[in-house]
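Participant: I'd like to ask you about the structure that follows.
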Amino acid sequence: MKLESFTRISLLFAIFLNAGHGFLLPSACRSSIVLKSASSDTDTDTLTIQQASQILQEWDQYYNKENTSGNSLPEEIMNKNRPILPAAIRLLNEAAREERDKDSTMGRCMLGICASSIDEGIATLKSWVTGLGLPRGILHGADKDGVQLDLDGGVYIKYNTGGFLTFSQIRSSGMGFDALWRPGDALLEPYDGNYRGVYFQVELDDGVFRQYLVPLDTFDEA
Ligand SMILES: *[C@@H]1O[C@H](CO)[C@@H](O)[C@H](O)[C@H]1NC(C)=O
């Protein structure tokens, strides 16, 4: 049993790590994205940072709650905002990436994944990192000495393109000072809350606080 889960998790880690750094989004996904959604007022416009933020803000108002399921959201928000979420997130991510490319202390992108299981959490992390072309690092906290932790319930995975662990986080992860926080590293911990989704946060140089809770499967098709 131990061996089985070790093999399984090692394979996942290997997939997560192997793709390496430095793969780029197709050039179509640059800062100007033409909306394809048929049901939106903005469908023929070019999405701006302001519009993308607004779309995500509106969505977050309804979705950032405990025990949300897509069905409980107003139809208008499902029809208008849901289809544009990936484009809005990509746009903000691209703006952040441009800032990161100029100055590595700027343009941080952070994900906070609240999932029902370790498998769902890791699958979500992979689909987002792939979907957004984010740097891939190491997933900490999912195993001890190479053996997957026995986590039955929900998990929280924190991903950061450029940040660092605080000393207390390093201590609680048991990694000691080997644990340098590198771009694209993620930390997994048990989570018993009732939120489900991905907190997407970007830091742009306008200083506006941008953090939105969006569905786990936003980039599943990626
Ligand atoms: C969400 O579900 C949990 C567990 O069933 C429950 O304790 C909590 O009160 C619920 N929260 C809301 C806002 O309904």
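FYI, nothing fancy with the structure tokens labels: chains A, B, ... in order, residues from 1 per chain, ligands from 1 as they appear.
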Using only C-alpha atoms and all ligand atoms, find each protein or nucleic acid residue lying at most 6 Å from ligand 1; present the set as a ChimeraX atom specification.
Facilitator: /A:66-67,194
Participant: Excluding range 102-115 of chain A and residues on its chain fewer than 4 positions from it, collect all residues at most 8 Å away from it, counting only C-alpha atoms, and give them as a PyMOL selection string.
Facilitator: chain A and resi 93+95-98+120-121+124-125+154-163+191+195-205+216
Participant: Would you mind exporting the chosen residues as a CSV table (one decimal), in the first residue's frame, restricted to N, CA, C and O atoms?
Facilitator:
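Everything below was put into selection.csv:
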chain,number,residue,atom,x,y,z
A,93,ASN,N,-2.5,37.6,-15.9
A,93,ASN,CA,-1.3,36.8,-15.7
A,93,ASN,C,-0.2,37.3,-16.7
A,93,ASN,O,1.0,37.4,-16.3
A,95,ALA,N,0.0,40.4,-18.0
A,95,ALA,CA,0.5,41.7,-17.5
A,95,ALA,C,1.5,41.5,-16.3
A,95,ALA,O,2.5,42.2,-16.3
A,96,ALA,N,1.2,40.6,-15.5
A,96,ALA,CA,2.1,40.3,-14.3
A,96,ALA,C,3.4,39.7,-14.9
A,96,ALA,O,4.5,40.1,-14.4
A,97,ARG,N,3.3,38.8,-15.9
A,97,ARG,CA,4.5,38.2,-16.5
A,97,ARG,C,5.5,39.3,-17.1
A,97,ARG,O,6.7,39.3,-16.9
A,98,GLU,N,4.8,40.3,-17.7
A,98,GLU,CA,5.7,41.3,-18.3
A,98,GLU,C,6.4,42.1,-17.3
A,98,GLU,O,7.6,42.5,-17.4
A,120,GLU,N,-7.2,15.9,-6.4
A,120,GLU,CA,-7.9,17.0,-7.0
A,120,GLU,C,-7.0,18.3,-6.9
A,120,GLU,O,-6.9,19.0,-7.9
A,121,GLY,N,-6.3,18.4,-5.8
A,121,GLY,CA,-5.5,19.6,-5.6
A,121,GLY,C,-4.3,19.6,-6.6
A,121,GLY,O,-4.0,20.6,-7.2
A,124,THR,N,-5.4,20.1,-10.2
A,124,THR,CA,-5.7,21.6,-10.4
A,124,THR,C,-4.5,22.4,-10.5
A,124,THR,O,-4.4,23.2,-11.5
A,125,LEU,N,-3.5,22.1,-9.7
A,125,LEU,CA,-2.2,22.9,-9.8
A,125,LEU,C,-1.6,22.7,-11.2
A,125,LEU,O,-1.2,23.6,-11.8
A,154,GLY,N,-9.7,17.5,2.6
A,154,GLY,CA,-9.4,18.5,1.7
A,154,GLY,C,-7.9,19.0,1.9
A,154,GLY,O,-7.3,18.7,2.9
A,155,VAL,N,-7.4,19.6,0.8
A,155,VAL,CA,-6.1,20.2,0.9
A,155,VAL,C,-6.1,21.6,0.4
A,155,VAL,O,-7.0,22.1,-0.3
A,156,TYR,N,-5.1,22.4,0.9
A,156,TYR,CA,-4.8,23.7,0.5
A,156,TYR,C,-3.4,23.7,-0.2
A,156,TYR,O,-2.5,23.3,0.5
A,157,ILE,N,-3.3,24.2,-1.4
A,157,ILE,CA,-2.0,24.3,-2.1
A,157,ILE,C,-1.8,25.7,-2.4
A,157,ILE,O,-2.6,26.4,-3.0
A,158,LYS,N,-0.6,26.2,-1.9
A,158,LYS,CA,-0.2,27.6,-2.1
A,158,LYS,C,0.9,27.6,-3.1
A,158,LYS,O,1.9,27.0,-2.9
A,159,TYR,N,0.7,28.3,-4.2
A,159,TYR,CA,1.7,28.4,-5.3
A,159,TYR,C,2.1,29.9,-5.4
A,159,TYR,O,1.2,30.8,-5.3
A,160,ASN,N,3.3,30.1,-5.7
A,160,ASN,CA,3.8,31.5,-5.8
A,160,ASN,C,4.9,31.6,-6.9
A,160,ASN,O,5.9,30.8,-6.9
A,161,THR,N,4.8,32.5,-7.8
A,161,THR,CA,5.8,32.6,-8.9
A,161,THR,C,7.1,33.2,-8.3
A,161,THR,O,8.1,32.9,-8.9
A,162,GLY,N,7.0,34.0,-7.3
A,162,GLY,CA,8.2,34.7,-6.9
A,162,GLY,C,8.5,34.9,-5.5
A,162,GLY,O,9.4,35.5,-5.1
A,163,GLY,N,7.6,34.4,-4.7
A,163,GLY,CA,7.7,34.8,-3.2
A,163,GLY,C,8.6,33.9,-2.5
A,163,GLY,O,9.5,33.3,-3.0
A,191,TYR,N,-6.6,20.8,4.7
A,191,TYR,CA,-7.5,22.0,4.7
A,191,TYR,C,-8.9,21.4,5.1
A,191,TYR,O,-9.4,20.5,4.4
A,195,TYR,N,-14.6,26.1,1.5
A,195,TYR,CA,-14.4,26.8,0.2
A,195,TYR,C,-13.8,25.8,-0.8
A,195,TYR,O,-13.0,25.0,-0.4
A,196,ARG,N,-14.3,26.0,-2.0
A,196,ARG,CA,-13.7,25.2,-3.1
A,196,ARG,C,-13.4,26.1,-4.3
A,196,ARG,O,-14.3,26.8,-4.7
A,197,GLY,N,-12.2,26.0,-4.8
A,197,GLY,CA,-11.8,26.9,-5.9
A,197,GLY,C,-10.4,27.3,-5.8
A,197,GLY,O,-9.6,26.7,-5.0
A,198,VAL,N,-10.0,28.2,-6.7
A,198,VAL,CA,-8.6,28.7,-6.7
A,198,VAL,C,-8.7,30.2,-6.5
A,198,VAL,O,-9.3,30.9,-7.2
A,199,TYR,N,-8.0,30.6,-5.4
A,199,TYR,CA,-7.7,32.1,-5.2
A,199,TYR,C,-6.6,32.5,-6.1
A,199,TYR,O,-5.5,32.0,-6.0
A,200,PHE,N,-7.0,33.3,-7.1
A,200,PHE,CA,-6.0,33.8,-8.1
A,200,PHE,C,-5.7,35.2,-7.7
A,200,PHE,O,-6.5,36.1,-7.6
A,201,GLN,N,-4.4,35.4,-7.5
A,201,GLN,CA,-3.9,36.8,-7.0
A,201,GLN,C,-2.8,37.2,-7.9
A,201,GLN,O,-1.8,36.5,-8.1
A,202,VAL,N,-2.8,38.5,-8.4
A,202,VAL,CA,-1.7,39.0,-9.1
A,202,VAL,C,-1.3,40.4,-8.5
A,202,VAL,O,-2.2,41.1,-8.1
A,203,GLU,N,-0.1,40.7,-8.5
A,203,GLU,CA,0.4,42.0,-8.0
A,203,GLU,C,0.9,42.8,-9.2
A,203,GLU,O,1.9,42.4,-9.8
A,204,LEU,N,0.2,43.8,-9.6
A,204,LEU,CA,0.6,44.7,-10.7
A,204,LEU,C,1.1,46.0,-10.1
A,204,LEU,O,0.8,46.3,-9.0
A,205,ASP,N,1.8,46.8,-11.0
A,205,ASP,CA,2.5,47.9,-10.4
A,205,ASP,C,1.5,49.1,-10.1
A,205,ASP,O,1.9,50.1,-9.6
A,216,LEU,N,-12.1,25.5,-9.7
A,216,LEU,CA,-11.0,24.6,-9.8
A,216,LEU,C,-10.7,24.2,-11.2
A,216,LEU,O,-9.6,24.1,-11.7
Participant: Rounded to one decimal place, report the CA of Ala186 in chain A-CA of Asp101 in chain A distance in Å.
Facilitator: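 Spanning CA of Ala186 in chain A to CA of Asp101 in chain A is a straight-line distance of 20.4 Å.
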Participant: In Å, with one decimal, what is the gap from CA of Asp119 in chain A to CA of Gly193 in chain A?
Facilitator: 16.9 Å
Participant: Just how far from CA of Glu189 in chain A is CA of Arg210 in chain A, in Å to one decimal?
Facilitator: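 CA of Arg210 in chain A sits 23.6 Å away from CA of Glu189 in chain A.
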Participant: Measuring between only C-alpha atoms, which one of A:Asp185, A:Asp60, A:Asp220, A:Asp192 shows the shortest distance to Leu73 in chain A?
Facilitator: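 Looking only at the distances to Leu73 in chain A, the closest residue turns out to be A:Asp60.
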Participant: Write down as number ranges by chain the residues of range 80-198 of chain A whose backbone DSSP state falls under strand (DSSP E or B).
Facilitator: A: 109-115, 139-140, 143-144, 147-148, 155-160, 186-190, 197-198
Participant: Measuring between only C-alpha atoms, which one of A:Leu187, A:Val208, A:Leu47, A:Ile122 shows the shortest distance to Leu85 in chain A?
Facilitator: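 Of A:Leu187, A:Val208, A:Leu47, A:Ile122, the one nearest Leu85 in chain A, counting only C-alpha atoms, is A:Leu47.
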